[in-house]
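Trainee: Dropping in target21.cif, with mmCIF, C-alpha atoms and all ligand atoms; chains and numbers go by the auth columns.
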```cif
data_model
#
loop_
_atom_site.group_PDB
_atom_site.id
_atom_site.type_symbol
_atom_site.label_atom_id
_atom_site.label_comp_id
_atom_site.label_asym_id
_atom_site.label_seq_id
_atom_site.Cartn_x
_atom_site.Cartn_y
_atom_site.Cartn_z
_atom_site.B_iso_or_equiv
_atom_site.auth_seq_id
_atom_site.auth_asym_id
ATOM 1 C CA MET A 1 128.585 62.400 -74.735 0.00 1 A
ATOM 2 C CA SER A 2 127.653 65.744 -73.178 0.00 2 A
ATOM 3 C CA GLN A 3 128.578 66.216 -69.545 0.00 3 A
ATOM 4 C CA GLN A 4 126.242 67.211 -66.723 0.00 4 A
ATOM 5 C CA PRO A 5 126.616 70.883 -65.776 0.00 5 A
ATOM 6 C CA LEU A 6 128.892 71.571 -62.835 0.00 6 A
ATOM 7 C CA THR A 7 129.015 74.729 -60.717 0.00 7 A
ATOM 8 C CA ILE A 8 132.006 75.667 -58.571 0.00 8 A
ATOM 9 C CA ALA A 9 131.620 78.411 -55.925 0.00 9 A
ATOM 10 C CA LEU A 10 134.753 80.496 -55.352 0.00 10 A
ATOM 11 C CA SER A 11 135.406 82.763 -52.355 0.00 11 A
ATOM 12 C CA LYS A 12 135.962 86.328 -53.509 0.00 12 A
ATOM 13 C CA GLY A 13 138.626 88.541 -51.958 0.00 13 A
ATOM 14 C CA ARG A 14 142.114 87.367 -51.116 0.00 14 A
ATOM 15 C CA ILE A 15 141.343 83.653 -51.576 0.00 15 A
ATOM 16 C CA LEU A 16 140.276 84.343 -55.172 0.00 16 A
ATOM 17 C CA ASP A 17 143.694 85.852 -55.936 0.00 17 A
ATOM 18 C CA ASP A 18 145.289 82.510 -55.097 0.00 18 A
ATOM 19 C CA THR A 19 142.513 80.334 -56.524 0.00 19 A
ATOM 20 C CA LEU A 20 142.486 81.598 -60.113 0.00 20 A
ATOM 21 C CA PRO A 21 146.156 80.780 -60.884 0.00 21 A
ATOM 22 C CA LEU A 22 145.732 77.329 -59.316 0.00 22 A
ATOM 23 C CA PHE A 23 142.604 76.603 -61.346 0.00 23 A
ATOM 24 C CA GLU A 24 144.401 77.781 -64.463 0.00 24 A
ATOM 25 C CA GLU A 25 147.207 75.319 -63.737 0.00 25 A
ATOM 26 C CA ALA A 26 144.523 72.653 -63.425 0.00 26 A
ATOM 27 C CA GLY A 27 143.114 73.653 -66.832 0.00 27 A
ATOM 28 C CA ILE A 28 140.012 75.562 -65.688 0.00 28 A
ATOM 29 C CA VAL A 29 140.012 79.120 -67.041 0.00 29 A
ATOM 30 C CA PRO A 30 137.170 81.651 -66.817 0.00 30 A
ATOM 31 C CA ALA A 31 135.886 82.942 -70.166 0.00 31 A
ATOM 32 C CA GLU A 32 136.447 86.534 -69.042 0.00 32 A
ATOM 33 C CA ASP A 33 138.473 88.428 -66.443 0.00 33 A
ATOM 34 C CA ILE A 34 136.610 87.827 -63.165 0.00 34 A
ATOM 35 C CA LYS A 35 138.322 90.697 -61.391 0.00 35 A
ATOM 36 C CA LYS A 36 137.308 93.234 -64.028 0.00 36 A
ATOM 37 C CA SER A 37 133.673 92.154 -64.078 0.00 37 A
ATOM 38 C CA ARG A 38 130.700 92.814 -61.836 0.00 38 A
ATOM 39 C CA LYS A 39 129.110 89.529 -62.815 0.00 39 A
ATOM 40 C CA LEU A 40 128.725 86.756 -60.279 0.00 40 A
ATOM 41 C CA ILE A 41 128.490 83.798 -62.683 0.00 41 A
ATOM 42 C CA PHE A 42 131.181 82.974 -65.233 0.00 42 A
ATOM 43 C CA ASP A 43 131.513 80.514 -68.094 0.00 43 A
ATOM 44 C CA THR A 44 134.823 78.705 -68.436 0.00 44 A
ATOM 45 C CA ASN A 45 136.845 77.035 -71.185 0.00 45 A
ATOM 46 C CA HIS A 46 134.836 73.870 -70.373 0.00 46 A
ATOM 47 C CA ASP A 47 131.273 73.967 -71.721 0.00 47 A
ATOM 48 C CA HIS A 48 129.861 72.214 -68.664 0.00 48 A
ATOM 49 C CA ILE A 49 131.761 74.097 -65.899 0.00 49 A
ATOM 50 C CA LYS A 50 130.566 77.420 -64.457 0.00 50 A
ATOM 51 C CA LEU A 51 132.166 79.455 -61.682 0.00 51 A
ATOM 52 C CA VAL A 52 130.217 81.580 -59.200 0.00 52 A
ATOM 53 C CA VAL A 53 132.125 84.144 -57.156 0.00 53 A
ATOM 54 C CA ILE A 54 130.573 84.908 -53.764 0.00 54 A
ATOM 55 C CA ARG A 55 131.320 86.012 -50.188 0.00 55 A
ATOM 56 C CA ALA A 56 133.673 83.515 -48.557 0.00 56 A
ATOM 57 C CA THR A 57 131.235 82.869 -45.715 0.00 57 A
ATOM 58 C CA ASP A 58 128.474 81.987 -48.203 0.00 58 A
ATOM 59 C CA VAL A 59 130.466 79.283 -50.023 0.00 59 A
ATOM 60 C CA PRO A 60 129.747 76.475 -47.499 0.00 60 A
ATOM 61 C CA THR A 61 126.030 77.307 -47.625 0.00 61 A
ATOM 62 C CA TYR A 62 125.794 77.121 -51.425 0.00 62 A
ATOM 63 C CA VAL A 63 127.611 73.780 -51.466 0.00 63 A
ATOM 64 C CA GLU A 64 125.721 72.332 -48.483 0.00 64 A
ATOM 65 C CA TYR A 65 122.376 72.970 -50.196 0.00 65 A
ATOM 66 C CA GLY A 66 123.603 71.726 -53.567 0.00 66 A
ATOM 67 C CA ALA A 67 123.145 75.114 -55.276 0.00 67 A
ATOM 68 C CA ALA A 68 126.834 74.769 -56.131 0.00 68 A
ATOM 69 C CA ASP A 69 128.397 71.325 -56.595 0.00 69 A
ATOM 70 C CA MET A 70 131.802 72.205 -55.210 0.00 70 A
ATOM 71 C CA GLY A 71 133.579 75.199 -53.741 0.00 71 A
ATOM 72 C CA VAL A 72 136.748 76.767 -52.412 0.00 72 A
ATOM 73 C CA ALA A 73 136.721 78.151 -48.866 0.00 73 A
ATOM 74 C CA GLY A 74 139.093 78.907 -46.009 0.00 74 A
ATOM 75 C CA LYS A 75 139.358 76.273 -43.295 0.00 75 A
ATOM 76 C CA ASP A 76 138.400 78.979 -40.774 0.00 76 A
ATOM 77 C CA VAL A 77 135.118 79.588 -42.598 0.00 77 A
ATOM 78 C CA LEU A 78 134.505 75.833 -42.904 0.00 78 A
ATOM 79 C CA MET A 79 135.181 75.269 -39.193 0.00 79 A
ATOM 80 C CA GLU A 80 132.763 78.055 -38.274 0.00 80 A
ATOM 81 C CA ALA A 81 130.075 76.782 -40.649 0.00 81 A
ATOM 82 C CA SER A 82 130.379 73.317 -39.166 0.00 82 A
ATOM 83 C CA ALA A 83 130.517 74.439 -35.518 0.00 83 A
ATOM 84 C CA SER A 84 127.406 76.582 -36.026 0.00 84 A
ATOM 85 C CA GLY A 85 125.468 73.689 -37.557 0.00 85 A
ATOM 86 C CA GLN A 86 125.172 75.568 -40.844 0.00 86 A
ATOM 87 C CA THR A 87 126.800 72.627 -42.648 0.00 87 A
ATOM 88 C CA ASN A 88 127.005 68.931 -41.847 0.00 88 A
ATOM 89 C CA SER A 89 127.553 67.029 -45.055 0.00 89 A
ATOM 90 C CA LEU A 90 130.465 68.646 -46.875 0.00 90 A
ATOM 91 C CA TYR A 91 133.326 66.538 -48.181 0.00 91 A
ATOM 92 C CA GLU A 92 136.737 68.155 -48.018 0.00 92 A
ATOM 93 C CA PRO A 93 138.793 66.105 -50.490 0.00 93 A
ATOM 94 C CA LEU A 94 141.720 68.470 -51.029 0.00 94 A
ATOM 95 C CA ASP A 95 143.869 70.993 -49.170 0.00 95 A
ATOM 96 C CA LEU A 96 144.705 73.587 -51.840 0.00 96 A
ATOM 97 C CA ASN A 97 147.526 74.991 -49.693 0.00 97 A
ATOM 98 C CA ILE A 98 146.651 78.595 -50.625 0.00 98 A
ATOM 99 C CA ALA A 99 145.751 81.653 -48.493 0.00 99 A
ATOM 100 C CA THR A 100 147.627 80.036 -45.625 0.00 100 A
ATOM 101 C CA CYS A 101 147.504 81.657 -42.205 0.00 101 A
ATOM 102 C CA ARG A 102 146.799 80.722 -38.589 0.00 102 A
ATOM 103 C CA LEU A 103 143.734 80.900 -36.382 0.00 103 A
ATOM 104 C CA MET A 104 145.026 82.237 -33.056 0.00 104 A
ATOM 105 C CA THR A 105 143.996 83.648 -29.746 0.00 105 A
ATOM 106 C CA ALA A 106 145.627 87.003 -29.014 0.00 106 A
ATOM 107 C CA ALA A 107 145.704 89.449 -26.129 0.00 107 A
ATOM 108 C CA LEU A 108 147.217 92.787 -25.141 0.00 108 A
ATOM 109 C CA LYS A 109 150.984 92.389 -24.875 0.00 109 A
ATOM 110 C CA GLY A 110 151.895 91.162 -21.399 0.00 110 A
ATOM 111 C CA ALA A 111 148.295 91.207 -20.137 0.00 111 A
ATOM 112 C CA LYS A 112 147.442 88.593 -17.498 0.00 112 A
ATOM 113 C CA GLN A 113 144.312 86.605 -18.160 0.00 113 A
ATOM 114 C CA PRO A 114 141.569 86.797 -15.514 0.00 114 A
ATOM 115 C CA GLU A 115 141.077 83.721 -13.283 0.00 115 A
ATOM 116 C CA GLY A 116 137.382 83.120 -13.852 0.00 116 A
ATOM 117 C CA ARG A 117 135.256 83.750 -16.917 0.00 117 A
ATOM 118 C CA ILE A 118 136.997 85.460 -19.772 0.00 118 A
ATOM 119 C CA LYS A 119 135.534 87.655 -22.476 0.00 119 A
ATOM 120 C CA VAL A 120 136.506 86.659 -25.993 0.00 120 A
ATOM 121 C CA ALA A 121 135.728 88.722 -29.082 0.00 121 A
ATOM 122 C CA SER A 122 135.635 87.141 -32.530 0.00 122 A
ATOM 123 C CA LYS A 123 133.732 86.946 -35.757 0.00 123 A
ATOM 124 C CA PHE A 124 134.012 83.157 -35.441 0.00 124 A
ATOM 125 C CA VAL A 125 131.617 82.776 -32.508 0.00 125 A
ATOM 126 C CA SER A 126 130.714 79.113 -32.890 0.00 126 A
ATOM 127 C CA LEU A 127 134.203 77.731 -33.313 0.00 127 A
ATOM 128 C CA THR A 128 135.383 80.004 -30.494 0.00 128 A
ATOM 129 C CA LYS A 129 132.657 78.676 -28.203 0.00 129 A
ATOM 130 C CA ARG A 130 133.616 75.119 -29.128 0.00 130 A
ATOM 131 C CA TYR A 131 137.354 75.779 -28.631 0.00 131 A
ATOM 132 C CA PHE A 132 136.975 77.219 -25.119 0.00 132 A
ATOM 133 C CA ALA A 133 134.515 74.498 -24.141 0.00 133 A
ATOM 134 C CA GLU A 134 137.078 71.873 -25.235 0.00 134 A
ATOM 135 C CA GLN A 135 139.727 73.671 -23.167 0.00 135 A
ATOM 136 C CA GLY A 136 137.354 73.585 -20.187 0.00 136 A
ATOM 137 C CA ARG A 137 137.541 77.379 -19.916 0.00 137 A
ATOM 138 C CA GLN A 138 134.510 79.488 -19.098 0.00 138 A
ATOM 139 C CA ALA A 139 134.183 82.131 -21.764 0.00 139 A
ATOM 140 C CA ASP A 140 131.642 84.728 -22.838 0.00 140 A
ATOM 141 C CA ILE A 141 131.849 85.086 -26.596 0.00 141 A
ATOM 142 C CA ILE A 142 131.281 88.534 -28.070 0.00 142 A
ATOM 143 C CA LYS A 143 130.402 88.673 -31.769 0.00 143 A
ATOM 144 C CA LEU A 144 132.204 91.311 -33.832 0.00 144 A
ATOM 145 C CA TYR A 145 132.182 91.763 -37.605 0.00 145 A
ATOM 146 C CA GLY A 146 135.719 93.107 -38.009 0.00 146 A
ATOM 147 C CA GLY A 147 138.553 95.026 -36.394 0.00 147 A
ATOM 148 C CA MET A 148 138.822 92.456 -33.599 0.00 148 A
ATOM 149 C CA GLU A 149 142.170 93.967 -32.521 0.00 149 A
ATOM 150 C CA LEU A 150 140.332 96.937 -31.078 0.00 150 A
ATOM 151 C CA ALA A 151 138.334 94.916 -28.554 0.00 151 A
ATOM 152 C CA PRO A 152 141.118 94.301 -25.981 0.00 152 A
ATOM 153 C CA ILE A 153 142.349 97.896 -26.322 0.00 153 A
ATOM 154 C CA MET A 154 138.887 99.230 -25.532 0.00 154 A
ATOM 155 C CA GLY A 155 138.321 96.785 -22.665 0.00 155 A
ATOM 156 C CA LEU A 156 135.556 94.984 -24.531 0.00 156 A
ATOM 157 C CA ALA A 157 137.346 91.617 -24.361 0.00 157 A
ATOM 158 C CA ASP A 158 140.296 89.884 -22.654 0.00 158 A
ATOM 159 C CA LEU A 159 141.144 87.836 -25.712 0.00 159 A
ATOM 160 C CA ILE A 160 140.371 87.784 -29.400 0.00 160 A
ATOM 161 C CA VAL A 161 140.199 84.876 -31.813 0.00 161 A
ATOM 162 C CA ASP A 162 141.392 85.981 -35.242 0.00 162 A
ATOM 163 C CA ILE A 163 143.378 85.144 -38.339 0.00 163 A
ATOM 164 C CA VAL A 164 147.105 85.914 -38.136 0.00 164 A
ATOM 165 C CA ASP A 165 149.570 85.806 -41.012 0.00 165 A
ATOM 166 C CA THR A 166 152.701 87.926 -40.515 0.00 166 A
ATOM 167 C CA GLY A 167 151.581 89.128 -37.080 0.00 167 A
ATOM 168 C CA ASN A 168 152.008 92.760 -38.151 0.00 168 A
ATOM 169 C CA THR A 169 148.382 93.697 -37.504 0.00 169 A
ATOM 170 C CA LEU A 170 148.535 92.382 -33.936 0.00 170 A
ATOM 171 C CA LYS A 171 151.854 94.094 -33.325 0.00 171 A
ATOM 172 C CA ALA A 172 150.657 97.420 -34.733 0.00 172 A
ATOM 173 C CA ASN A 173 147.856 97.356 -32.178 0.00 173 A
ATOM 174 C CA GLY A 174 149.919 96.337 -29.140 0.00 174 A
ATOM 175 C CA LEU A 175 148.671 92.735 -29.147 0.00 175 A
ATOM 176 C CA GLU A 176 150.530 89.432 -29.090 0.00 176 A
ATOM 177 C CA GLU A 177 149.796 85.889 -30.186 0.00 177 A
ATOM 178 C CA ARG A 178 148.773 83.458 -27.455 0.00 178 A
ATOM 179 C CA ASP A 179 147.511 80.009 -28.517 0.00 179 A
ATOM 180 C CA LEU A 180 147.277 78.389 -31.931 0.00 180 A
ATOM 181 C CA ILE A 181 143.766 77.078 -32.542 0.00 181 A
ATOM 182 C CA ALA A 182 144.430 75.744 -36.056 0.00 182 A
ATOM 183 C CA PRO A 183 146.673 76.232 -39.078 0.00 183 A
ATOM 184 C CA ILE A 184 144.496 77.542 -41.932 0.00 184 A
ATOM 185 C CA SER A 185 144.505 77.109 -45.695 0.00 185 A
ATOM 186 C CA SER A 186 141.809 77.021 -48.337 0.00 186 A
ATOM 187 C CA ARG A 187 140.111 73.711 -49.090 0.00 187 A
ATOM 188 C CA LEU A 188 138.179 72.230 -51.954 0.00 188 A
ATOM 189 C CA VAL A 189 134.734 71.196 -50.723 0.00 189 A
ATOM 190 C CA VAL A 190 132.177 68.995 -52.440 0.00 190 A
ATOM 191 C CA GLY A 191 128.506 68.590 -51.585 0.00 191 A
ATOM 192 C CA LYS A 192 127.015 65.235 -50.700 0.00 192 A
ATOM 193 C CA ALA A 193 124.587 65.106 -53.626 0.00 193 A
ATOM 194 C CA ALA A 194 127.249 66.199 -56.123 0.00 194 A
ATOM 195 C CA MET A 195 129.714 63.596 -54.838 0.00 195 A
ATOM 196 C CA LYS A 196 127.104 60.919 -55.488 0.00 196 A
ATOM 197 C CA MET A 197 125.507 62.159 -58.723 0.00 197 A
ATOM 198 C CA LYS A 198 128.439 63.843 -60.481 0.00 198 A
ATOM 199 C CA HIS A 199 131.371 61.793 -59.284 0.00 199 A
ATOM 200 C CA GLN A 200 132.595 61.135 -62.830 0.00 200 A
ATOM 201 C CA GLN A 201 132.970 64.868 -63.513 0.00 201 A
ATOM 202 C CA ILE A 202 134.252 65.803 -60.090 0.00 202 A
ATOM 203 C CA GLN A 203 136.977 63.175 -59.745 0.00 203 A
ATOM 204 C CA PRO A 204 139.124 64.442 -62.655 0.00 204 A
ATOM 205 C CA ILE A 205 138.878 68.017 -61.343 0.00 205 A
ATOM 206 C CA ILE A 206 140.090 66.893 -57.914 0.00 206 A
ATOM 207 C CA GLU A 207 142.952 65.004 -59.572 0.00 207 A
ATOM 208 C CA LYS A 208 144.028 67.944 -61.749 0.00 208 A
ATOM 209 C CA LEU A 209 143.899 70.373 -58.838 0.00 209 A
ATOM 210 C CA SER A 210 145.755 67.908 -56.644 0.00 210 A
ATOM 211 C CA ALA A 211 148.510 67.591 -59.270 0.00 211 A
ATOM 212 C CA ALA A 212 148.728 71.396 -59.518 0.00 212 A
ATOM 213 C CA VAL A 213 149.048 71.662 -55.722 0.00 213 A
ATOM 214 C CA ASP A 214 151.781 68.978 -55.717 0.00 214 A
ATOM 215 C CA ARG A 215 153.759 70.691 -58.477 0.00 215 A
ATOM 216 C CA ARG A 216 153.979 73.780 -56.265 0.00 216 A
ATOM 217 C CA ARG A 217 155.389 71.976 -53.221 0.00 217 A
HETATM 218 O O1 LIG B . 135.583 90.929 -46.567 0.00 301 A
HETATM 219 P P1 LIG B . 134.646 89.829 -46.170 0.00 301 A
HETATM 220 O O2 LIG B . 133.913 90.058 -44.896 0.00 301 A
HETATM 221 O O3 LIG B . 133.796 89.300 -47.299 0.00 301 A
HETATM 222 O O4 LIG B . 135.538 88.559 -45.842 0.00 301 A
HETATM 223 P P2 LIG B . 137.005 88.548 -45.359 0.00 301 A
HETATM 224 O O5 LIG B . 137.526 89.883 -45.019 0.00 301 A
HETATM 225 O O6 LIG B . 137.058 87.466 -44.339 0.00 301 A
HETATM 226 O O7 LIG B . 137.677 88.050 -46.718 0.00 301 A
HETATM 227 P P3 LIG B . 139.171 88.125 -47.172 0.00 301 A
HETATM 228 O O8 LIG B . 139.146 88.409 -48.618 0.00 301 A
HETATM 229 O O9 LIG B . 139.962 88.992 -46.256 0.00 301 A
HETATM 230 O O10 LIG B . 139.633 86.593 -47.028 0.00 301 A
HETATM 231 C C1 LIG B . 139.563 85.982 -45.795 0.00 301 A
HETATM 232 C C2 LIG B . 140.088 84.575 -45.878 0.00 301 A
HETATM 233 O O11 LIG B . 141.440 84.555 -46.329 0.00 301 A
HETATM 234 C C3 LIG B . 140.077 83.987 -44.485 0.00 301 A
HETATM 235 O O12 LIG B . 138.865 83.299 -44.273 0.00 301 A
HETATM 236 C C4 LIG B . 141.321 83.084 -44.468 0.00 301 A
HETATM 237 O O13 LIG B . 140.958 81.776 -44.841 0.00 301 A
HETATM 238 C C5 LIG B . 142.229 83.702 -45.532 0.00 301 A
HETATM 239 N N1 LIG B . 143.332 84.532 -45.017 0.00 301 A
HETATM 240 C C6 LIG B . 144.660 84.313 -45.242 0.00 301 A
HETATM 241 C C7 LIG B . 143.237 85.670 -44.284 0.00 301 A
HETATM 242 C C8 LIG B . 144.551 86.113 -44.062 0.00 301 A
HETATM 243 N N2 LIG B . 145.403 85.263 -44.660 0.00 301 A
HETATM 244 C C9 LIG B . 144.759 87.325 -43.285 0.00 301 A
HETATM 245 N N3 LIG B . 145.903 87.722 -43.056 0.00 301 A
HETATM 246 N N4 LIG B . 142.179 86.330 -43.797 0.00 301 A
HETATM 247 C C10 LIG B . 142.378 87.470 -43.112 0.00 301 A
HETATM 248 N N5 LIG B . 143.601 87.987 -42.831 0.00 301 A
HETATM 249 C C11 LIG B . 143.605 89.277 -42.057 0.00 301 A
HETATM 250 C C12 LIG B . 143.323 89.068 -40.574 0.00 301 A
HETATM 251 O O14 LIG B . 141.937 89.058 -40.313 0.00 301 A
HETATM 252 C C13 LIG B . 144.017 90.255 -39.921 0.00 301 A
HETATM 253 O O15 LIG B . 143.215 91.417 -39.994 0.00 301 A
HETATM 254 O O16 LIG B . 144.858 89.921 -42.124 0.00 301 A
HETATM 255 C C14 LIG B . 145.188 90.455 -40.842 0.00 301 A
HETATM 256 C C15 LIG B . 146.343 89.708 -40.261 0.00 301 A
HETATM 257 O O17 LIG B . 147.411 89.696 -41.151 0.00 301 A
HETATM 258 P P4 LIG B . 148.895 89.901 -40.600 0.00 301 A
HETATM 259 O O18 LIG B . 149.767 89.563 -41.760 0.00 301 A
HETATM 260 O O19 LIG B . 149.003 91.350 -40.186 0.00 301 A
HETATM 261 O O20 LIG B . 149.101 88.964 -39.443 0.00 301 A
HETATM 262 MG MG MG B . 138.033 91.529 -45.869 0.00 302 A
#
```
As structure tokens, please, write out the structure in this file.
Mentor:
Amino acid sequence: MSQQPLTIALSKGRILDDTLPLFEEAGIVPAEDIKKSRKLIFDTNHDHIKLVVIRATDVPTYVEYGAADMGVAGKDVLMEASASGQTNSLYEPLDLNIATCRLMTAALKGAKQPEGRIKVASKFVSLTKRYFAEQGRQADIIKLYGGMELAPIMGLADLIVDIVDTGNTLKANGLEERDLIAPISSRLVVGKAAMKMKHQQIQPIIEKLSAAVDRRR
């Protein structure tokens, strides 16, 4: 019996570096070297499974609309997509425990925070808005596309919300960690339609990936 086609959207960049070995351990191997190719769509060793490799922030969108059946994305990206209303029906059946880091607030070392409204710079505007609202703190959110560390130095913001791993980037720029918003890792996500219509194909993939994740613990 031939299987229905299944498309998995992978986040390019640093998440991809961790995803490919994990998928290989789960028995899903691209037909050619993804990192040496300019293609965006790849066949695999399974006739019915294709991989698409796209911007991390686009993965939730492809899966939400059913253009891809499943995907791999950072929890930070998933939180932002959900907080912004960009997604509302994604299943998140598995923590892949890769590309781990922390979503933090950070400020200039030793800087006192202003009493009233604070200015917060981030590329994650929606989750930042939600976080400060939950804390009951008045905050103006300033959208940046990168280099968040610069904002407090230049007086653009009192705080930033950013990804921290070793803390070296903050330190190199005279900043320090303040509050943990969430521990981050990459997650397997599945669209609503795919979960319903392709459950028989998806379930074994979740199980194989889950076993691969467990073997690494
Ligand atoms: O480049 P593009 O705009 O497409 O996306 P991107 O730069 O967000 O992609 P990429 O490839 O950097 O991957 C980002 C994803 O990897 C995030 O969404 C996280 O889920 C995950 N991840 C894990 C990280 C880090 N670790 C990480 N250290 N994402 C970013 N960083 C950056 C961080 O922004 C900061 O500049 O590394 C710096 C901090 O590292 P330390 O070790 O100095 O603290
Ligand atoms: Mg990058």
Trainee: Once you count all atoms listed in the file, what closest atom pair and distance in Å to one decimal does each residue of chain A within 9 Å of ligand MG 302 (chain A) have, with rows by chain and rising residue number, as a Markdown table?
Mentor:
```
| residue | atom | partner | partner_atom | distance |
| --- | --- | --- | --- | --- |
| A:Gly13 | CA | A:MG302 | MG | 6.8 |
| A:Arg14 | CA | A:MG302 | MG | 7.8 |
| A:Gly146 | CA | A:MG302 | MG | 8.3 |
```
Trainee: Point out the residue among A:Ala121, A:Ile49, A:Val29, A:Ala172 with the least atom-to-atom distance to Thr7 of chain A, counting all atoms listed in the file.
Mentor: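 Of all the options, A:Ile49 lies closest to Thr7 of chain A.
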Trainee: Using the chain letters and numbering of this document, enumerate as a tab-separated table (two decimals) with C-alpha atoms, in the coordinates of the input the residues selected by the PyMOL selection byres (((chain A and resi 98) around 7) and not hetatm).
Mentor:
```tsv
chain	number	residue	atom	x	y	z
A	18	ASP	CA	145.29	82.51	-55.10
A	96	LEU	CA	144.71	73.59	-51.84
A	97	ASN	CA	147.53	74.99	-49.69
A	99	ALA	CA	145.75	81.65	-48.49
A	100	THR	CA	147.63	80.04	-45.62
A	185	SER	CA	144.50	77.11	-45.70
A	186	SER	CA	141.81	77.02	-48.34
```
Trainee: Would you place a box with edges along x, y and z of the file around all atoms of ligand LIG 301 (chain A) listed there, add 8 Å to each of its six sides, and report the centre and edge lengths in Å to one decimal, as AutoDock Vina command-line options?
Mentor:
```
--center_x 141.8 --center_y 86.6 --center_z -44.0 --size_x 32.0 --size_y 25.6 --size_z 25.2
```
Trainee: Name the residues that the PyMOL selection byres (((chain A and resi 71) around 6) and not hetatm) pulls out of this structure, and write them as a VMD selection string.
Mentor: chain A and resid 8 to 10 70 72 188 to 189
Trainee: Rounded to one decimal place, report the atom CA of Pro93 of chain A-atom C7 of ligand LIG 301 (chain A) distance in Å.
Mentor: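 Atom C7 of ligand LIG 301 (chain A) lies 21.0 Å from atom CA of Pro93 of chain A.
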Trainee: Have a look at A:Gly27, A:Glu149, A:Met154, A:Leu22 and name the one nearest to Thr169 of chain A; count all atoms listed in the file.
Mentor: A:Glu149
Trainee: Taking only C-alpha atoms and all ligand atoms into account, report as a PyMOL selection string which residues have an atom no farther than 8 Å from an atom of ligand LIG 301 (chain A).
Mentor: chain A and resi 11-16+55-57+73-77+99-102+145-149+162-171+184-186
Trainee: Please determine, counting all atoms listed in the file, which residue among A:Val213, A:Gln135, A:Gln201, A:Asn88 has the shortest atom-to-atom distance to Ser2 of chain A.
Mentor: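 For Ser2 of chain A, the nearest of the given residues is A:Gln201.
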Trainee: Since the input lacks some atoms of segment 156-171 of chain A, please model N, CA and C atoms and print them as a PDB file, in the frame of the given file.
Mentor:
```
ATOM      1  N   LEU A 156     136.751  95.770 -24.192  1.00  0.00           N
ATOM      2  CA  LEU A 156     135.556  94.984 -24.531  1.00  0.00           C
ATOM      3  C   LEU A 156     135.795  93.492 -24.303  1.00  0.00           C
ATOM      4  N   ALA A 157     137.049  93.051 -24.489  1.00  0.00           N
ATOM      5  CA  ALA A 157     137.346  91.617 -24.361  1.00  0.00           C
ATOM      6  C   ALA A 157     138.749  91.412 -23.796  1.00  0.00           C
ATOM      7  N   ASP A 158     138.965  90.246 -23.146  1.00  0.00           N
ATOM      8  CA  ASP A 158     140.296  89.884 -22.654  1.00  0.00           C
ATOM      9  C   ASP A 158     141.137  89.273 -23.764  1.00  0.00           C
ATOM     10  N   LEU A 159     140.464  88.553 -24.633  1.00  0.00           N
ATOM     11  CA  LEU A 159     141.144  87.836 -25.712  1.00  0.00           C
ATOM     12  C   LEU A 159     140.380  88.052 -27.007  1.00  0.00           C
ATOM     13  N   ILE A 160     141.081  87.877 -28.125  1.00  0.00           N
ATOM     14  CA  ILE A 160     140.371  87.784 -29.400  1.00  0.00           C
ATOM     15  C   ILE A 160     140.734  86.456 -30.060  1.00  0.00           C
ATOM     16  N   VAL A 161     139.873  86.001 -30.934  1.00  0.00           N
ATOM     17  CA  VAL A 161     140.199  84.876 -31.813  1.00  0.00           C
ATOM     18  C   VAL A 161     140.165  85.429 -33.231  1.00  0.00           C
ATOM     19  N   ASP A 162     141.310  85.360 -33.919  1.00  0.00           N
ATOM     20  CA  ASP A 162     141.392  85.981 -35.242  1.00  0.00           C
ATOM     21  C   ASP A 162     142.427  85.270 -36.098  1.00  0.00           C
ATOM     22  N   ILE A 163     142.400  85.626 -37.369  1.00  0.00           N
ATOM     23  CA  ILE A 163     143.378  85.144 -38.339  1.00  0.00           C
ATOM     24  C   ILE A 163     144.670  85.946 -38.206  1.00  0.00           C
ATOM     25  N   VAL A 164     145.797  85.255 -38.172  1.00  0.00           N
ATOM     26  CA  VAL A 164     147.105  85.914 -38.136  1.00  0.00           C
ATOM     27  C   VAL A 164     147.943  85.357 -39.281  1.00  0.00           C
ATOM     28  N   ASP A 165     148.627  86.258 -39.981  1.00  0.00           N
ATOM     29  CA  ASP A 165     149.570  85.806 -41.012  1.00  0.00           C
ATOM     30  C   ASP A 165     150.973  86.235 -40.591  1.00  0.00           C
ATOM     31  N   THR A 166     151.369  87.462 -40.914  1.00  0.00           N
ATOM     32  CA  THR A 166     152.701  87.926 -40.515  1.00  0.00           C
ATOM     33  C   THR A 166     152.757  88.314 -39.039  1.00  0.00           C
ATOM     34  N   GLY A 167     151.615  88.626 -38.446  1.00  0.00           N
ATOM     35  CA  GLY A 167     151.581  89.128 -37.080  1.00  0.00           C
ATOM     36  C   GLY A 167     151.682  90.644 -37.007  1.00  0.00           C
ATOM     37  N   ASN A 168     151.837  91.295 -38.145  1.00  0.00           N
ATOM     38  CA  ASN A 168     152.008  92.760 -38.151  1.00  0.00           C
ATOM     39  C   ASN A 168     150.789  93.511 -37.627  1.00  0.00           C
ATOM     40  N   THR A 169     149.603  93.018 -37.956  1.00  0.00           N
ATOM     41  CA  THR A 169     148.382  93.697 -37.504  1.00  0.00           C
ATOM     42  C   THR A 169     148.275  93.651 -35.979  1.00  0.00           C
ATOM     43  N   LEU A 170     148.567  92.485 -35.400  1.00  0.00           N
ATOM     44  CA  LEU A 170     148.535  92.382 -33.936  1.00  0.00           C
ATOM     45  C   LEU A 170     149.537  93.349 -33.329  1.00  0.00           C
ATOM     46  N   LYS A 171     150.758  93.281 -33.838  1.00  0.00           N
ATOM     47  CA  LYS A 171     151.854  94.094 -33.325  1.00  0.00           C
ATOM     48  C   LYS A 171     151.534  95.592 -33.395  1.00  0.00           C
TER      49      LYS A 171
END
```
